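Undergrad: What follows is a structure written as structure tokens; I'll ask about it next.
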Amino acid sequence: MSTPTPFRFVEPCSLPGKEGRCSEAVVTLNEIGNKFFSVGQQDTAINMFDSGLRKLKDKASASPAEPLDEYIQQANRRLQRCESQMKPCAIQPPDTYLEGFCDVGPRPIRSPLHLDQGIANEYGLVILEAVLLFNKALAIHSKSDLAAATRAYDEMAIRHAGLCKGAKCTKLKNWLAHMGMLLHNNKGQIIYCKGDEDGALQEFRSALYWARHAVGVSVDRTTFILHLATCMSNYGRTRWMMGIIEEETCHVFDQVLRLRASVLDASHPDVVGAHLNIGMLAYARNDKAAALKHLKSYLSVASKEPLQSESGVHLDPIPAIAYIILIENEEKDDDLSVELLRTVRALLDKREDYGNEHAEVASLLNYVGTILFHRRELKSALLFYKEELRLEERLGASQPGLSLSITFNNIGRILQELGKPRDAMVCYRQALNVEKDKASETGELRDEPSRSTISLFSTIWYNLGIIYDQIGSRLESINAFKMSLELRQRNLGADHSDIACLWYNIGTLQMEHQLVEEATKSFREALRIGKLGGFVEHSRHLMTTLKKLVTLQQQRGKVHDAIFIVGELVEMHRTARDLQELGAAQQTLAELHHSLGNLPTSLSVAHSACESLCTRIATETCSTSAPCYLKSVEDLSNVLFLMASLYNELCDQKQAVELHNKTSMLLSSVLRGASRGTAPKLHTLLEVNTLLANPKHATAA
């Protein structure tokens, strides 16, 4: 195990001509190696660093420059080809620590060292050798060859210790301190991976020792701060893993957050991850207030990730939201809260036992989302459903397509309730496309989908119909409801109450789109099925809609269709014992028959309307001056007037005059002592009926 070596630096020296030419070639080889390293060509990078080391050993040769120049040119040409085909490097996962199942482990610092010719000339070839050895060790480390990387770092440590003896040059001192920080951090990462936590902790402590002396280093300030934050995070992580969670560990994680936040955007994964680490540490220390603060800071960014994120880092929202749920619900004892806590703990256990990507984890994500949905915690439920979707997509062929469709539908439902109809529409469309995609992958079409699949897709089309209606796309809404209707009929038959509901929705949209004939057919079906189920007569909203349809039918001259619908309204009002509405509907029906010239039928229906309204007035409990009572009198007067007109047309003047007399007496008794402004319509009706009650005037009329 290595320990920090006290500073004793060599004095800077100037190189003579041959050594100057040698150092120039070595610097070039180092930079080319660094570039190959940056594009993921570790083996080629190692070859470049080895060539530089051989050049240093062979600096006494007569004319080494010529073949080396050609070698460098070839390497540069190869590098250009690699850079032209280079793909973006994978972004490392956020630096988060969650004991047992989400720990990404300590981070190595994958930043090769750079030297310009001036430093090489100033400090001699020995500094070049140290740089090449470190960069070679880093390239080997990046290949995950930990044994070879350990040997390379140990060799580098010997050179580093030698360089630190004797001199007091500030520039070299700072530069070597930075090298020592990188060296000990990376050694600590390897030792940690081998399971030696004590050894790793010592190496990370050494890295922080060197970091305190790396003032004014050659790298830019941001890079140095991020390197320092990585060393501190690794040190704190190892202490935490060893069960050391006292104040010093808290201070370390606070410092990591402060350092990263000083140079990175607040939404950067490492800044956000630092909040998660502090939150989890606070939870372990039973500091619930601090835990909630930092967990919610993490979640505020993690929850904003797109549904299907592009390649790059993924901020897992589940640890934060899971522990927030545990903190906020552990004192509650209602059944739903108890079940939620049990399921969240089971989810955390499964992720620890099987990892994040397992079918049982997906199932528990779905269950937690469902509980939160029933608790109306929609945004939290959405996070669990999104994570379930991400997991199911990664599991791929091992999961049935129907599961993906269900998850897309669940997400769409929540987005719809959160007032995001267009986002919900995207999810519903994806839910419908899953089975189609599965079929194209296997080359098999499912001619007979299961009942559960049909039910799901019917629901999705129904939800789409609602959204299309909300955004004003009524024709698309009609088509979506028709698709839902067709699927639901396959499962439930033609006479189920759900089918009546769909016919009603379709009819309403058709009516709003002025498709009167189509709407009439749809409502006929809804009414037919509704009668079988015995529920139609109780729907006030349905009655209002049917009245609007009758108005449209009359405007279009569809009197027979209007007679059918009004007849249905009459039956509904009779069953509901609403005499006021019953009388009004019967009057409308009488007027429709009248318009067709069916005078006897019209008169018969008008008599029924008169009986309904008379009964209504006789049982009226409000005062005779109340608006409701006056409205009933007005309706009855209109029906009596209609009946008198029908008798006149049937050449029964005597009956007509009697009805006008009866109407006049009714109105006179109601309006006795009232001013004309009290009920102007009733006063007008009184004047007309009084006039027509005189046989002479009635004949002229």
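Labels for the structure tokens follow display order: chains A, B, ..., residues from 1 in each chain, ligands from 1.
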For Glu649 of chain A, please output as a list of chain:residue names all residues within 12 Å (counting only C-alpha atoms; exclusion window: fewer than 3 positions along the same chain).
TA: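 Listing them by chain and then by number gives A:His594, A:Gly597, A:Asn598, A:Leu599, A:Pro600, A:Ser602, A:Leu603, A:Leu642, A:Met643, A:Ala644, A:Ser645, A:Leu646, A:Asp652, A:Gln653, A:Lys654, A:Gln655, A:Ala656, A:Ala698, A:Thr699, A:Ala701.
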Undergrad: Limited to N, CA and C atoms, could you put the picked residues into a file as a compact mmCIF listing (two decimals), in the first residue's frame?
TA:
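Final output, saved to result01.txt:
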```
# COMPACT_ATOMS: atom_id res chain seq x y z
N HIS A 594 -99.01 16.98 -35.93
CA HIS A 594 -99.80 18.02 -36.57
C HIS A 594 -99.14 18.47 -37.88
N GLY A 597 -99.97 16.39 -40.67
CA GLY A 597 -101.40 16.32 -41.01
C GLY A 597 -102.13 15.21 -40.30
N ASN A 598 -101.50 14.57 -39.33
CA ASN A 598 -102.15 13.50 -38.56
C ASN A 598 -102.95 14.13 -37.40
N LEU A 599 -104.11 14.75 -37.75
CA LEU A 599 -104.84 15.53 -36.75
C LEU A 599 -105.39 14.68 -35.61
N PRO A 600 -106.02 13.54 -35.85
CA PRO A 600 -106.54 12.74 -34.74
C PRO A 600 -105.43 12.30 -33.78
N SER A 602 -102.52 13.74 -33.39
CA SER A 602 -102.03 14.93 -32.71
C SER A 602 -102.94 15.32 -31.56
N LEU A 603 -104.26 15.26 -31.80
CA LEU A 603 -105.21 15.63 -30.76
C LEU A 603 -105.15 14.67 -29.58
N LEU A 642 -103.32 24.59 -28.37
CA LEU A 642 -103.08 23.66 -29.48
C LEU A 642 -104.30 22.77 -29.70
N MET A 643 -104.90 22.28 -28.62
CA MET A 643 -106.07 21.41 -28.75
C MET A 643 -107.23 22.17 -29.40
N ALA A 644 -107.42 23.44 -29.00
CA ALA A 644 -108.50 24.24 -29.60
C ALA A 644 -108.26 24.41 -31.09
N SER A 645 -107.02 24.64 -31.47
CA SER A 645 -106.70 24.80 -32.90
C SER A 645 -106.99 23.52 -33.67
N LEU A 646 -106.65 22.38 -33.05
CA LEU A 646 -106.91 21.10 -33.72
C LEU A 646 -108.42 20.86 -33.89
N ASP A 652 -114.82 21.28 -35.34
CA ASP A 652 -115.59 21.15 -34.10
C ASP A 652 -115.41 22.46 -33.33
N GLN A 653 -116.14 23.52 -33.82
CA GLN A 653 -115.96 24.85 -33.24
C GLN A 653 -116.41 24.90 -31.80
N LYS A 654 -117.44 24.13 -31.45
CA LYS A 654 -117.95 24.15 -30.09
C LYS A 654 -116.88 23.74 -29.09
N GLN A 655 -116.19 22.64 -29.37
CA GLN A 655 -115.11 22.17 -28.49
C GLN A 655 -113.98 23.20 -28.42
N ALA A 656 -113.70 23.83 -29.57
CA ALA A 656 -112.63 24.82 -29.60
C ALA A 656 -112.95 26.00 -28.70
N ALA A 698 -114.00 33.62 -33.02
CA ALA A 698 -113.40 32.31 -33.28
C ALA A 698 -113.62 31.89 -34.71
N THR A 699 -114.85 32.17 -35.24
CA THR A 699 -115.13 31.80 -36.63
C THR A 699 -114.23 32.56 -37.59
N ALA A 701 -111.31 33.83 -36.84
CA ALA A 701 -109.94 33.35 -36.69
C ALA A 701 -109.74 32.06 -37.46
```
Undergrad: Which residues come within 9 Å of His607 of chain A, counting only C-alpha atoms, excluding same-chain residues fewer than 3 positions away, as a list of chain:residue names?
TA: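 After dropping sequence-adjacent residues, the list is A:Gln586, A:Ser602, A:Leu603, A:Ser604, A:Cys610, A:Glu611, A:Ser612, A:Val639, A:Leu640, A:Met643.
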Undergrad: Find the spatial neighbours of segment 368-378 of chain A, counting only C-alpha atoms, within a cut-off of 7 Å - ignore same-chain residues fewer than 5 positions away - and output them as a VMD selection string.
TA: chain A and resid 340 343 to 344 384 to 385 414
Undergrad: Can you pull out the residues contacting segment 522-533 of chain A? Cut-off 7 Å, using only C-alpha atoms, and skip same-chain residues under 2 positions away; I want them as a compact mmCIF listing (two decimals) with C-alpha atoms, in the first residue's frame.
TA:
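New file part-v5.txt:
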```txt
# COMPACT_ATOMS: atom_id res chain seq x y z
CA ASP A 495 -76.49 -5.58 -26.34
CA HIS A 496 -74.12 -4.79 -23.48
CA SER A 497 -74.51 -1.50 -21.58
CA ALA A 500 -74.93 1.61 -25.53
CA CYS A 501 -72.51 4.12 -24.03
CA TRP A 503 -73.31 4.42 -29.45
CA TYR A 504 -74.33 7.42 -27.37
CA ILE A 506 -70.76 8.40 -31.35
CA GLY A 507 -74.23 9.85 -31.78
CA GLU A 518 -76.07 9.07 -38.70
CA ALA A 519 -76.66 10.49 -35.23
CA THR A 520 -80.26 9.29 -35.29
CA PHE A 535 -80.84 2.51 -17.33
CA VAL A 536 -81.61 4.99 -20.12
```
Undergrad: Rounded to one decimal in Å, what is the spacing between atom CA of Tyr192 of chain A and atom CA of Ser206 of chain A?
TA: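 So the two atoms, atom CA of Tyr192 of chain A and atom CA of Ser206 of chain A, lie 14.4 Å apart.
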Undergrad: I want to know what sits within 7 Å of segment 39-55 of chain A, based on only C-alpha atoms, with residues of the same chain fewer than 5 positions away left out; could you give that as an MDAnalysis selection string?
TA: chainID A and resid 26 29:30 32:34 83 86 129 132 136 139
Undergrad: When you look at Ile140 of chain A with a cut-off of 10 Å (counting only C-alpha atoms), what residues show up, excluding the ones that are within fewer than 3 positions of it in the same chain? I need them as a PyMOL selection string.
TA: chain A and resi 42-43+45-46+134-137+143-150+152-153
Undergrad: Give me, please, the distance in Å between atom CA of Lys296 of chain A and atom CA of Ala229 of chain A, quoted to one decimal.
TA: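 A separation of 22.2 Å between them.
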Undergrad: Looking at A:Tyr629, A:Phe37, A:Tyr367, A:Phe204, which one is nearest to Glu388 of chain A, with distances taken over only C-alpha atoms?
TA: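 Closest residue, counting only C-alpha atoms: A:Tyr367.
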Undergrad: Distance atom CA of Ile478 of chain A-atom CA of Gly419 of chain A, one decimal place?
TA: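 These two atoms are separated by 21.2 Å.
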Undergrad: Among segment 470-534 of chain A, which ones does DSSP place in helix (DSSP H, G or I), written as JSON, numbers by chain?
TA: {"A": [470, 474, 475, 476, 477, 478, 479, 480, 481, 482, 483, 484, 485, 486, 487, 488, 489, 490, 491, 492, 497, 498, 499, 500, 501, 502, 503, 504, 505, 506, 507, 508, 509, 510, 511, 512, 516, 517, 518, 519, 520, 521, 522, 523, 524, 525, 526, 527, 528, 529, 530, 531, 532, 533]}
Undergrad: I need the residues from that last selection saved to file as an mmCIF file, in the first residue's frame (with C-alpha atoms), if you can.
TA:
```cif
data_model
loop_
_atom_site.group_PDB
_atom_site.id
_atom_site.type_symbol
_atom_site.label_atom_id
_atom_site.label_comp_id
_atom_site.auth_asym_id
_atom_site.auth_seq_id
_atom_site.Cartn_x
_atom_site.Cartn_y
_atom_site.Cartn_z
ATOM 1 C CA GLN A 470 -61.212 17.458 -26.404
ATOM 2 C CA ARG A 474 -64.517 15.314 -33.961
ATOM 3 C CA LEU A 475 -64.322 13.201 -37.120
ATOM 4 C CA GLU A 476 -61.212 11.459 -35.742
ATOM 5 C CA SER A 477 -63.062 11.077 -32.454
ATOM 6 C CA ILE A 478 -66.019 9.397 -34.197
ATOM 7 C CA ASN A 479 -63.674 6.980 -35.963
ATOM 8 C CA ALA A 480 -61.872 6.169 -32.710
ATOM 9 C CA PHE A 481 -65.149 5.449 -30.904
ATOM 10 C CA LYS A 482 -66.267 3.248 -33.821
ATOM 11 C CA MET A 483 -63.020 1.246 -33.510
ATOM 12 C CA SER A 484 -63.642 0.867 -29.791
ATOM 13 C CA LEU A 485 -67.245 -0.147 -30.506
ATOM 14 C CA GLU A 486 -66.241 -2.818 -33.009
ATOM 15 C CA LEU A 487 -63.711 -4.348 -30.610
ATOM 16 C CA ARG A 488 -66.018 -4.211 -27.620
ATOM 17 C CA GLN A 489 -68.837 -5.884 -29.536
ATOM 18 C CA ARG A 490 -66.493 -8.798 -30.256
ATOM 19 C CA ASN A 491 -65.996 -9.287 -26.517
ATOM 20 C CA LEU A 492 -69.347 -8.294 -25.053
ATOM 21 C CA SER A 497 -74.515 -1.499 -21.582
ATOM 22 C CA ASP A 498 -70.937 -0.492 -22.571
ATOM 23 C CA ILE A 499 -72.033 -0.760 -26.204
ATOM 24 C CA ALA A 500 -74.934 1.611 -25.528
ATOM 25 C CA CYS A 501 -72.513 4.115 -24.030
ATOM 26 C CA LEU A 502 -70.326 4.002 -27.138
ATOM 27 C CA TRP A 503 -73.309 4.421 -29.451
ATOM 28 C CA TYR A 504 -74.329 7.416 -27.371
ATOM 29 C CA ASN A 505 -70.851 9.000 -27.625
ATOM 30 C CA ILE A 506 -70.759 8.404 -31.353
ATOM 31 C CA GLY A 507 -74.234 9.845 -31.784
ATOM 32 C CA THR A 508 -73.388 12.948 -29.763
ATOM 33 C CA LEU A 509 -70.309 13.653 -31.878
ATOM 34 C CA GLN A 510 -72.225 13.009 -35.094
ATOM 35 C CA MET A 511 -74.893 15.429 -33.934
ATOM 36 C CA GLU A 512 -72.287 18.095 -33.134
ATOM 37 C CA VAL A 516 -78.195 14.149 -38.301
ATOM 38 C CA GLU A 517 -79.135 10.879 -40.021
ATOM 39 C CA GLU A 518 -76.072 9.072 -38.705
ATOM 40 C CA ALA A 519 -76.658 10.490 -35.225
ATOM 41 C CA THR A 520 -80.264 9.291 -35.290
ATOM 42 C CA LYS A 521 -79.166 5.752 -36.118
ATOM 43 C CA SER A 522 -76.578 5.799 -33.334
ATOM 44 C CA PHE A 523 -79.077 7.047 -30.759
ATOM 45 C CA ARG A 524 -81.636 4.462 -31.886
ATOM 46 C CA GLU A 525 -79.104 1.743 -31.064
ATOM 47 C CA ALA A 526 -78.172 3.351 -27.748
ATOM 48 C CA LEU A 527 -81.838 3.586 -26.774
ATOM 49 C CA ARG A 528 -82.598 0.034 -27.862
ATOM 50 C CA ILE A 529 -79.763 -1.381 -25.749
ATOM 51 C CA GLY A 530 -80.536 1.000 -22.903
ATOM 52 C CA LYS A 531 -84.060 -0.298 -22.652
ATOM 53 C CA LEU A 532 -82.714 -3.812 -22.279
ATOM 54 C CA GLY A 533 -80.495 -2.677 -19.425
#
```
Undergrad: Compare A:Pro94, A:Pro421, A:Gly557, A:Pro317 by their minimum atom-to-atom distance to Asp469 of chain A, counting only C-alpha atoms, and give me the closest one.
TA: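 Nearest to Asp469 of chain A: A:Pro421.
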Undergrad: Go through A:Leu418, A:Leu281, A:Ala424, A:Met181 one by one, measure the shortest atom-to-atom distance of each to His160 of chain A using only C-alpha atoms, and give the residue with the smallest value.
TA: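 Once distances to His160 of chain A are computed over only C-alpha atoms, the minimum belongs to A:Met181.
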